[in-house]
file upload_7.pdb (PDB, C-alpha atoms)
ATOM      1  CA  MET A 180     148.473 -11.350 -32.754
ATOM      2  CA  SER A 181     150.915 -10.995 -29.885
ATOM      3  CA  VAL A 182     151.323  -7.788 -27.858
ATOM      4  CA  THR A 183     153.736  -7.254 -24.997
ATOM      5  CA  ILE A 184     152.255  -4.929 -22.353
ATOM      6  CA  GLU A 185     153.965  -3.384 -19.341
ATOM      7  CA  GLY A 186     152.616  -4.797 -16.114
ATOM      8  CA  GLU A 187     151.917  -1.294 -14.813
ATOM      9  CA  ARG A 188     149.440  -0.585 -17.635
ATOM     10  CA  VAL A 189     147.593  -3.835 -16.941
ATOM     11  CA  ASP A 190     147.519  -3.104 -13.174
ATOM     12  CA  GLN A 191     146.202   0.387 -13.809
ATOM     13  CA  LEU A 192     143.476  -0.912 -16.102
ATOM     14  CA  LEU A 193     142.452  -3.569 -13.592
ATOM     15  CA  ARG A 194     142.294  -1.033 -10.735
ATOM     16  CA  ILE A 195     139.940   1.111 -12.788
ATOM     17  CA  ILE A 196     137.773  -1.869 -13.773
ATOM     18  CA  VAL A 197     137.531  -2.930 -10.118
ATOM     19  CA  ALA A 198     136.559   0.636  -9.115
ATOM     20  CA  ALA A 199     133.882   0.630 -11.844
ATOM     21  CA  ALA A 200     132.583  -2.712 -10.538
ATOM     22  CA  THR A 201     131.903  -0.966  -7.206
ATOM     23  CA  GLY A 202     129.988   1.831  -8.934
ATOM     24  CA  ASP A 203     132.776   4.381  -9.338
ATOM     25  CA  TYR A 204     132.677   5.415 -12.986
ATOM     26  CA  GLU A 205     134.693   8.608 -12.583
ATOM     27  CA  LEU A 206     138.190   7.183 -12.986
ATOM     28  CA  ARG A 207     139.772   6.982 -16.469
ATOM     29  CA  VAL A 208     142.682   4.989 -17.839
ATOM     30  CA  PRO A 209     145.537   7.451 -18.441
ATOM     31  CA  LEU A 210     146.316   7.367 -22.156
ATOM     32  CA  VAL A 211     149.752   8.038 -23.568
ATOM     33  CA  GLU A 212     150.276   8.787 -27.239
ATOM     34  CA  GLU A 213     153.554   6.885 -27.167
ATOM     35  CA  ASP A 214     151.816   3.643 -26.179
ATOM     36  CA  ASP A 215     151.091   2.976 -29.832
ATOM     37  CA  ASP A 216     149.894  -0.607 -29.695
ATOM     38  CA  GLU A 217     146.707  -2.701 -29.783
ATOM     39  CA  PHE A 218     146.304  -2.381 -26.014
ATOM     40  CA  LEU A 219     145.783   1.379 -26.419
ATOM     41  CA  GLU A 220     142.461   0.573 -28.120
ATOM     42  CA  VAL A 221     141.495  -1.615 -25.159
ATOM     43  CA  GLU A 222     142.371   1.212 -22.740
ATOM     44  CA  LEU A 223     140.470   3.779 -24.785
ATOM     45  CA  GLY A 224     137.560   1.346 -25.143
ATOM     46  CA  VAL A 225     137.393   0.986 -21.351
ATOM     47  CA  ASN A 226     137.354   4.795 -21.037
ATOM     48  CA  TYR A 227     134.473   4.980 -23.539
ATOM     49  CA  LEU A 228     132.614   2.329 -21.587
ATOM     50  CA  LEU A 229     133.165   4.234 -18.325
ATOM     51  CA  GLU A 230     131.927   7.407 -19.997
ATOM     52  CA  GLU A 231     128.740   5.596 -21.076
ATOM     53  CA  LEU A 232     128.258   4.163 -17.588
ATOM     54  CA  ALA A 233     128.716   7.617 -16.028
ATOM     55  CA  LEU A 234     126.202   9.121 -18.471
ATOM     56  CA  GLY A 235     123.732   6.279 -17.801
ATOM     57  CA  LYS A 236     124.139   6.729 -14.040
ATOM     58  CA  ALA A 237     123.608  10.501 -14.286
ATOM     59  CA  LYS A 238     120.464   9.933 -16.373
ATOM     60  CA  SER A 239     119.193   7.285 -13.987
ATOM     61  CA  ASP A 240     119.886   9.535 -10.949
ATOM     62  CA  SER A 241     118.036  12.395 -12.612
ATOM     63  CA  GLN A 242     115.031  10.162 -13.437
ATOM     64  CA  ARG A 243     115.012   8.805  -9.880
ATOM     65  CA  GLN A 244     114.987  12.348  -8.482
ATOM     66  CA  GLN A 245     112.109  13.267 -10.803
ATOM     67  CA  LEU A 246     110.168  10.159  -9.742
ATOM     68  CA  GLU A 247     110.777  10.895  -6.061
ATOM     69  CA  ALA A 248     109.601  14.482  -6.500
ATOM     70  CA  ARG A 249     106.491  13.264  -8.365
ATOM     71  CA  ALA A 250     105.785  10.621  -5.699
ATOM     72  CA  GLU A 251     106.095  13.284  -3.005
ATOM     73  CA  GLU A 252     103.746  15.592  -4.921
ATOM     74  CA  LEU A 253     101.197  12.765  -5.382
ATOM     75  CA  ALA A 254     101.434  11.799  -1.710
ATOM     76  CA  HIS A 255     100.776  15.431  -0.774
ATOM     77  CA  GLN A 256      97.779  15.635  -3.157
ATOM     78  CA  GLN A 257      96.468  12.321  -1.830
ATOM     79  CA  SER A 258      96.860  13.523   1.737
ATOM     80  CA  GLU A 259      94.949  16.726   0.924
ATOM     81  CA  LEU A 260      92.206  14.706  -0.793
ATOM     82  CA  VAL A 261      91.904  12.273   2.109
ATOM     83  CA  GLU A 262      91.810  15.218   4.498
ATOM     84  CA  ALA A 263      88.983  16.819   2.505
ATOM     85  CA  LEU A 264      87.060  13.553   2.098
ATOM     86  CA  SER A 265      87.444  12.522   5.730
ATOM     87  CA  THR A 266      85.360  15.476   6.982
ATOM     88  CA  PRO A 267      82.853  16.283   4.228
ATOM     89  CA  VAL A 268      80.598  18.649   6.162
ATOM     90  CA  ILE A 269      77.601  19.556   3.981
ATOM     91  CA  ALA A 270      75.039  22.292   4.698
ATOM     92  CA  VAL A 271      71.882  20.414   3.635
ATOM     93  CA  TRP A 272      69.511  23.123   4.831
ATOM     94  CA  PRO A 273      70.006  26.514   6.429
ATOM     95  CA  GLY A 274      71.196  25.698   9.938
ATOM     96  CA  VAL A 275      71.410  21.967   9.235
ATOM     97  CA  LEU A 276      74.799  20.297   8.714
ATOM     98  CA  ALA A 277      75.289  16.699   7.614
ATOM     99  CA  LEU A 278      78.501  14.737   7.912
ATOM    100  CA  PRO A 279      78.489  11.379   6.114
ATOM    101  CA  LEU A 280      81.407   9.423   7.549
ATOM    102  CA  VAL A 281      83.078   6.629   5.601
ATOM    103  CA  GLY A 282      85.740   4.136   6.619
ATOM    104  CA  ARG A 283      87.548   3.525   9.860
ATOM    105  CA  ILE A 284      87.585   6.193  12.529
ATOM    106  CA  ASP A 285      90.562   6.351  14.832
ATOM    107  CA  ASP A 286      91.570   8.933  17.451
ATOM    108  CA  GLU A 287      93.369  11.181  14.981
ATOM    109  CA  ARG A 288      90.463  11.241  12.560
ATOM    110  CA  ALA A 289      87.914  11.724  15.354
ATOM    111  CA  ALA A 290      89.921  14.729  16.595
ATOM    112  CA  ARG A 291      90.009  16.200  13.068
ATOM    113  CA  ILE A 292      86.269  15.635  12.594
ATOM    114  CA  THR A 293      85.553  17.267  15.947
ATOM    115  CA  ALA A 294      87.649  20.341  15.160
ATOM    116  CA  VAL A 295      86.159  20.841  11.686
ATOM    117  CA  LEU A 296      82.591  20.184  12.759
ATOM    118  CA  LEU A 297      82.612  22.431  15.824
ATOM    119  CA  GLU A 298      84.106  25.240  13.763
ATOM    120  CA  ARG A 299      81.337  24.864  11.141
ATOM    121  CA  VAL A 300      78.585  24.646  13.763
ATOM    122  CA  ALA A 301      79.784  27.891  15.328
ATOM    123  CA  ALA A 302      80.404  29.656  12.014
ATOM    124  CA  GLU A 303      77.016  28.739  10.531
ATOM    125  CA  ARG A 304      75.048  28.960  13.777
ATOM    126  CA  ALA A 305      73.788  25.459  13.028
ATOM    127  CA  THR A 306      70.789  24.186  14.955
ATOM    128  CA  HIS A 307      71.133  20.552  13.870
ATOM    129  CA  VAL A 308      74.003  18.228  12.975
ATOM    130  CA  ILE A 309      73.356  14.872  11.326
ATOM    131  CA  LEU A 310      76.206  12.386  11.701
ATOM    132  CA  ASP A 311      75.653   9.586   9.195
ATOM    133  CA  LEU A 312      77.614   6.473  10.144
ATOM    134  CA  THR A 313      76.293   4.235   7.297
ATOM    135  CA  GLY A 314      79.747   3.969   5.748
ATOM    136  CA  VAL A 315      81.599   3.438   9.012
ATOM    137  CA  GLY A 316      82.843  -0.116   9.315
ATOM    138  CA  THR A 317      84.704   0.150  12.556
ATOM    139  CA  ILE A 318      85.278   2.702  15.261
ATOM    140  CA  ALA A 319      88.528   2.122  17.144
ATOM    141  CA  GLY A 320      87.824   0.906  20.680
ATOM    142  CA  ASN A 321      88.980   4.049  22.481
ATOM    143  CA  THR A 322      87.647   6.460  19.852
ATOM    144  CA  MET A 323      83.942   6.131  20.611
ATOM    145  CA  PRO A 324      84.200   8.175  23.835
ATOM    146  CA  GLY A 325      85.830  10.922  21.774
ATOM    147  CA  LEU A 326      82.962  10.923  19.284
ATOM    148  CA  LEU A 327      80.421  11.033  22.091
ATOM    149  CA  ARG A 328      82.281  13.955  23.665
ATOM    150  CA  MET A 329      82.007  15.681  20.273
ATOM    151  CA  VAL A 330      78.251  15.119  20.328
ATOM    152  CA  ARG A 331      78.119  16.780  23.761
ATOM    153  CA  ALA A 332      80.273  19.661  22.564
ATOM    154  CA  ILE A 333      77.860  20.207  19.675
ATOM    155  CA  GLY A 334      75.084  20.337  22.241
ATOM    156  CA  LEU A 335      77.005  22.970  24.213
ATOM    157  CA  LEU A 336      77.084  25.116  21.077
ATOM    158  CA  GLY A 337      73.295  24.972  21.036
ATOM    159  CA  ALA A 338      72.834  22.427  18.265
ATOM    160  CA  SER A 339      71.129  19.036  18.367
ATOM    161  CA  CYS A 340      73.026  16.029  17.099
ATOM    162  CA  LEU A 341      71.355  13.143  15.277
ATOM    163  CA  LEU A 342      73.077   9.872  14.492
ATOM    164  CA  THR A 343      71.984   7.832  11.479
ATOM    165  CA  GLY A 344      73.052   4.589   9.842
ATOM    166  CA  ILE A 345      74.373   3.039  13.045
ATOM    167  CA  SER A 346      75.529  -0.536  12.467
ATOM    168  CA  PRO A 347      74.804  -3.245  15.052
ATOM    169  CA  ALA A 348      78.474  -3.295  16.054
ATOM    170  CA  VAL A 349      78.610   0.471  16.577
ATOM    171  CA  ALA A 350      75.283   0.352  18.465
ATOM    172  CA  GLN A 351      76.795  -2.160  20.881
ATOM    173  CA  GLN A 352      79.840   0.090  21.345
ATOM    174  CA  ILE A 353      77.597   3.048  22.213
ATOM    175  CA  VAL A 354      75.524   1.006  24.649
ATOM    176  CA  ALA A 355      78.655  -0.376  26.288
ATOM    177  CA  LEU A 356      79.888   3.134  26.836
ATOM    178  CA  GLY A 357      76.589   4.366  28.140
ATOM    179  CA  GLU A 358      77.421   3.575  31.742
ATOM    180  CA  VAL A 359      80.856   5.105  31.542
ATOM    181  CA  GLU A 360      80.054   8.239  29.638
ATOM    182  CA  GLY A 361      76.658   9.005  31.066
ATOM    183  CA  ARG A 362      73.848  10.192  28.907
ATOM    184  CA  ALA A 363      74.913  11.859  25.712
ATOM    185  CA  PRO A 364      72.314  14.005  23.961
ATOM    186  CA  VAL A 365      72.065  11.590  21.046
ATOM    187  CA  ARG A 366      69.031  10.920  18.952
ATOM    188  CA  ALA A 367      69.362   7.998  16.568
ATOM    189  CA  LEU A 368      67.421   7.438  13.362
ATOM    190  CA  ALA A 369      67.678   4.705  10.758
ATOM    191  CA  GLN A 370      68.599   6.750   7.698
ATOM    192  CA  LEU A 371      69.923  10.141   6.775
ATOM    193  CA  SER A 372      66.626  10.929   5.014
ATOM    194  CA  ASP A 373      64.720  10.148   8.242
ATOM    195  CA  ALA A 374      66.922  12.562  10.148
ATOM    196  CA  LEU A 375      66.457  15.273   7.551
ATOM    197  CA  ALA A 376      62.681  14.803   7.581
ATOM    198  CA  HIS A 377      62.744  14.938  11.386
ATOM    199  CA  VAL A 378      64.772  18.156  11.400
ATOM    200  CA  LEU A 379      62.627  19.829   8.748
ATOM    201  CA  ALA A 380      59.475  18.849  10.642
ATOM    202  CA  GLN A 381      60.941  20.394  13.790
ATOM    203  CA  LYS A 382      61.884  23.566  11.939
ATOM    204  CA  GLY A 383      58.421  23.759  10.372
ATOM    205  CA  ALA A 384      56.834  23.307  13.802
ATOM    206  CA  LEU A 385      59.059  26.057  15.171
ATOM    207  CA  ARG A 386      58.039  28.420  12.391
ATOM    208  CA  GLY A 387      54.391  27.437  12.716
TER     209      GLY A 387
ATOM    210  CA  MET B 268     136.027  15.749 -50.592
ATOM    211  CA  ARG B 269     138.796  16.680 -48.197
ATOM    212  CA  VAL B 270     137.944  17.435 -44.587
ATOM    213  CA  HIS B 271     140.095  18.665 -41.726
ATOM    214  CA  VAL B 272     139.017  17.622 -38.253
ATOM    215  CA  SER B 273     140.450  18.944 -34.981
ATOM    216  CA  GLY B 274     139.556  19.878 -31.418
ATOM    217  CA  ASP B 275     136.633  18.548 -29.371
ATOM    218  CA  ILE B 276     133.933  17.079 -31.581
ATOM    219  CA  SER B 277     130.481  17.606 -30.084
ATOM    220  CA  LEU B 278     127.149  16.073 -31.038
ATOM    221  CA  GLY B 279     126.374  19.232 -33.039
ATOM    222  CA  ASP B 280     129.582  18.843 -35.033
ATOM    223  CA  ALA B 281     128.810  15.164 -35.660
ATOM    224  CA  GLU B 282     125.259  15.969 -36.783
ATOM    225  CA  GLU B 283     126.527  18.566 -39.226
ATOM    226  CA  TYR B 284     129.147  16.138 -40.553
ATOM    227  CA  VAL B 285     126.672  13.292 -41.035
ATOM    228  CA  ALA B 286     124.054  15.595 -42.559
ATOM    229  CA  LYS B 287     126.539  16.741 -45.200
ATOM    230  CA  PHE B 288     127.892  13.312 -46.145
ATOM    231  CA  LEU B 289     124.520  11.590 -46.154
ATOM    232  CA  GLY B 290     122.961  14.611 -47.861
ATOM    233  CA  GLN B 291     124.487  16.880 -50.453
ATOM    234  CA  TYR B 292     127.812  14.973 -50.574
ATOM    235  CA  ARG B 293     126.331  11.497 -50.364
ATOM    236  CA  GLY B 294     128.433   8.839 -52.085
ATOM    237  CA  ARG B 295     131.448  11.143 -52.484
ATOM    238  CA  HIS B 296     134.890   9.801 -51.655
ATOM    239  CA  VAL B 297     136.093  11.481 -48.451
ATOM    240  CA  LEU B 298     139.610  12.123 -47.257
ATOM    241  CA  SER B 299     139.391  13.116 -43.611
ATOM    242  CA  VAL B 300     142.553  14.486 -42.009
ATOM    243  CA  VAL B 301     142.231  14.300 -38.229
ATOM    244  CA  ALA B 302     144.652  16.294 -36.081
ATOM    245  CA  SER B 303     146.397  14.948 -33.042
ATOM    246  CA  GLY B 304     144.478  15.757 -29.844
ATOM    247  CA  THR B 305     141.061  15.512 -31.510
ATOM    248  CA  GLU B 306     138.471  14.080 -29.114
ATOM    249  CA  TYR B 307     134.960  12.835 -29.808
ATOM    250  CA  SER B 308     132.221  13.143 -27.200
ATOM    251  CA  ALA B 309     130.194  10.026 -26.380
ATOM    252  CA  LYS B 310     127.124  11.394 -28.189
ATOM    253  CA  ALA B 311     129.202  12.393 -31.209
ATOM    254  CA  ARG B 312     130.719   8.904 -31.396
ATOM    255  CA  LYS B 313     127.270   7.312 -31.419
ATOM    256  CA  HIS B 314     125.973   9.691 -34.040
ATOM    257  CA  LEU B 315     128.969   9.136 -36.310
ATOM    258  CA  LEU B 316     127.996   5.453 -36.599
ATOM    259  CA  ALA B 317     125.459   6.669 -39.178
ATOM    260  CA  MET B 318     128.424   7.413 -41.488
ATOM    261  CA  GLU B 319     128.378   3.733 -42.361
ATOM    262  CA  GLU B 320     125.952   4.656 -45.106
ATOM    263  CA  ALA B 321     128.206   7.342 -46.565
ATOM    264  CA  GLY B 322     130.709   6.940 -49.424
ATOM    265  CA  PRO B 323     134.252   5.528 -49.010
ATOM    266  CA  HIS B 324     135.983   7.282 -46.147
ATOM    267  CA  ALA B 325     139.756   7.385 -45.647
ATOM    268  CA  THR B 326     140.970   8.923 -42.402
ATOM    269  CA  VAL B 327     144.525  10.146 -42.097
ATOM    270  CA  THR B 328     146.070  10.667 -38.696
ATOM    271  CA  THR B 329     149.503  10.463 -37.145
ATOM    272  CA  SER B 330     148.088  10.178 -33.621
ATOM    273  CA  ALA B 331     147.913   6.740 -32.045
ATOM    274  CA  LEU B 332     145.088   7.925 -29.778
ATOM    275  CA  VAL B 333     143.004   9.304 -32.646
ATOM    276  CA  ARG B 334     143.611   6.145 -34.648
ATOM    277  CA  SER B 335     142.475   4.027 -31.683
ATOM    278  CA  ALA B 336     139.353   6.166 -31.276
ATOM    279  CA  ILE B 337     138.431   5.855 -34.949
ATOM    280  CA  ASN B 338     139.192   2.135 -34.965
ATOM    281  CA  LEU B 339     136.811   1.699 -32.025
ATOM    282  CA  MET B 340     134.090   3.738 -33.723
ATOM    283  CA  THR B 341     134.406   1.882 -37.016
ATOM    284  CA  ARG B 342     135.074  -1.586 -35.627
ATOM    285  CA  SER B 343     131.661  -2.847 -36.668
ATOM    286  CA  THR B 344     131.519  -1.028 -40.014
ATOM    287  CA  ASP B 345     132.331  -2.431 -43.426
ATOM    288  CA  PRO B 346     136.151  -2.232 -43.774
ATOM    289  CA  SER B 347     135.770  -1.605 -47.486
ATOM    290  CA  ARG B 348     133.993   1.710 -46.707
ATOM    291  CA  TYR B 349     136.213   3.031 -43.947
ATOM    292  CA  ARG B 350     139.923   2.834 -43.283
ATOM    293  CA  VAL B 351     142.555   4.692 -41.242
ATOM    294  CA  PHE B 352     145.959   5.582 -42.710
ATOM    295  CA  GLY B 353     149.164   7.093 -41.428
ATOM    296  CA  ASN B 354     149.703   9.304 -44.498
ATOM    297  CA  GLU B 355     147.683  10.956 -47.245
ATOM    298  CA  PHE B 356     149.467   9.207 -50.088
ATOM    299  CA  GLU B 357     148.259   5.737 -48.996
ATOM    300  CA  ALA B 358     144.820   7.133 -48.201
ATOM    301  CA  MET B 359     144.430   8.683 -51.655
ATOM    302  CA  ALA B 360     145.600   5.484 -53.323
ATOM    303  CA  TRP B 361     143.012   3.469 -51.409
ATOM    304  CA  LEU B 362     140.243   5.949 -52.160
ATOM    305  CA  GLU B 363     140.978   5.824 -55.871
ATOM    306  CA  ASP B 364     140.550   2.050 -55.799
ATOM    307  CA  GLN B 365     137.112   2.321 -54.197
ATOM    308  CA  GLU B 366     133.870   2.355 -56.139
ATOM    309  CA  GLY B 367     131.699   5.390 -55.432
TER     310      GLY B 367
END

call {"tool": "encode", "arguments": {"input": "upload_7.pdb", "output": "structure tokens"}}
result
Amino acid sequence: MSVTIEGERVDQLLRIIVAAATGDYELRVPLVEEDDDEFLEVELGVNYLLEELALGKAKSDSQRQQLEARAEELAHQQSELVEALSTPVIAVWPGVLALPLVGRIDDERAARITAVLLERVAAERATHVILDLTGVGTIAGNTMPGLLRMVRAIGLLGASCLLTGISPAVAQQIVALGEVEGRAPVRALAQLSDALAHVLAQKGALRG
Amino acid sequence: MRVHVSGDISLGDAEEYVAKFLGQYRGRHVLSVVASGTEYSAKARKHLLAMEEAGPHATVTTSALVRSAINLMTRSTDPSRYRVFGNEFEAMAWLEDQEG
């Protein structure tokens, strides 16, 4: 089969193919009814291919947008969950709040814990706060003073603060800060249950 | 069966067409006269590939563009089941030679 094609038609087709190769699928080969030859099928075939590519791109763009929206929604949910889990203040007894801390504590988290805890102490007229550090691996170097300031603030609201589950590393951090920060009203006990027993004994003694 | 096709053929049109010729008119010989300017949407073109299982189909068109479109759609189909003609006389003659 031999077909003679005008150079202009070939140039036009090539320009459109090159544009498609750069991601532009919007151009189409102009089709003329009078060009009644085998090359017309090639031109139309290229247009069909471009149409498919444009449809595929639109579908892919739409799926990407859906995925991005879903990822954003999940990130928001995760952030809310982390926020809730990072300061799980529990009223274990009337007037007694417990805060089991897990993970690493940095300045931002310490500030959030302080804000939430002080608000709860005031709202519930708490007499005791038990900070359980069993799950705390590390406290950022400059965060410990912030936590100790929180303990003092709790004291200013009229509540006693008890620390439990202190790891050897955290104990050394507290001791190292002792000279800098002065005496913080901190009572330390081995376990959360010890602190609770201590508090309940105190409350019983008060009632008695 | 004689069918006249014109205008923009959508997926809905193609579905209706295929449903008829693979359903109640299955196996019938079809003479399809397609007007100049008829255009098939991408989804319609894909759906019409199912017509491969229909009876012998002769398309008549005087439009080079329509003929090119149908040639592209039927390029991979059995040439003994589908053919494009420039006039009805040749199309009818071919259809009569086909087994149902």

call {"tool": "interface_residues", "arguments": {"input": "upload_7.pdb", "of": "chain B", "to": "chain A", "cutoff": "6 Å", "atoms": "only C-alpha atoms", "output": "JSON, numbers by chain"}}
result
{"B": [331, 332, 335]}

call {"tool": "write_last_selection", "arguments": {"input": "upload_7.pdb", "atoms": "C-alpha atoms", "output": "JSON list (two decimals), keeping the file's coordinate frame"}}
result
[["chain", "number", "residue", "atom", "x", "y", "z"],
["B", 331, "ALA", "CA", 147.91, 6.74, -32.04],
["B", 332, "LEU", "CA", 145.09, 7.92, -29.78],
["B", 335, "SER", "CA", 142.48, 4.03, -31.68]]

call {"tool": "residues_near_point", "arguments": {"input": "upload_7.pdb", "point": "(71.0, 20.4, 21.1)", "cutoff": "10 Å", "atoms": "all atoms listed in the file", "output": "ChimeraX atom specification"}}
result
/A:305-308,330-341,364-366

call {"tool": "closest_residue", "arguments": {"input": "upload_7.pdb", "among": "B:Pro346, B:Gly294, B:Gly274, B:Pro323", "to": "Glu306 in chain B", "atoms": "all atoms listed in the file"}}
result
B:Gly274

call {"tool": "closest_residue", "arguments": {"input": "upload_7.pdb", "among": "B:Met359, B:His324, B:Ser273, B:Thr329", "to": "Arg295 in chain B", "atoms": "all atoms listed in the file"}}
result
B:His324

call {"tool": "residues_around", "arguments": {"input": "upload_7.pdb", "residues": "Leu316 in chain B", "least_positions_apart": "6", "cutoff": "9 Å", "atoms": "only C-alpha atoms", "output": "PyMOL selection string"}}
result
chain B and resi 340-341+344

call {"tool": "axis_aligned_box", "arguments": {"input": "upload_7.pdb", "around": "range 329-338 of chain B", "padding_each_side": "6 Å", "output": "lines of an AutoDock Vina configuration file"}}
result
center_x = 144.0
center_y = 6.3
center_z = -33.5
size_x = 23.1
size_y = 20.3
size_z = 19.4
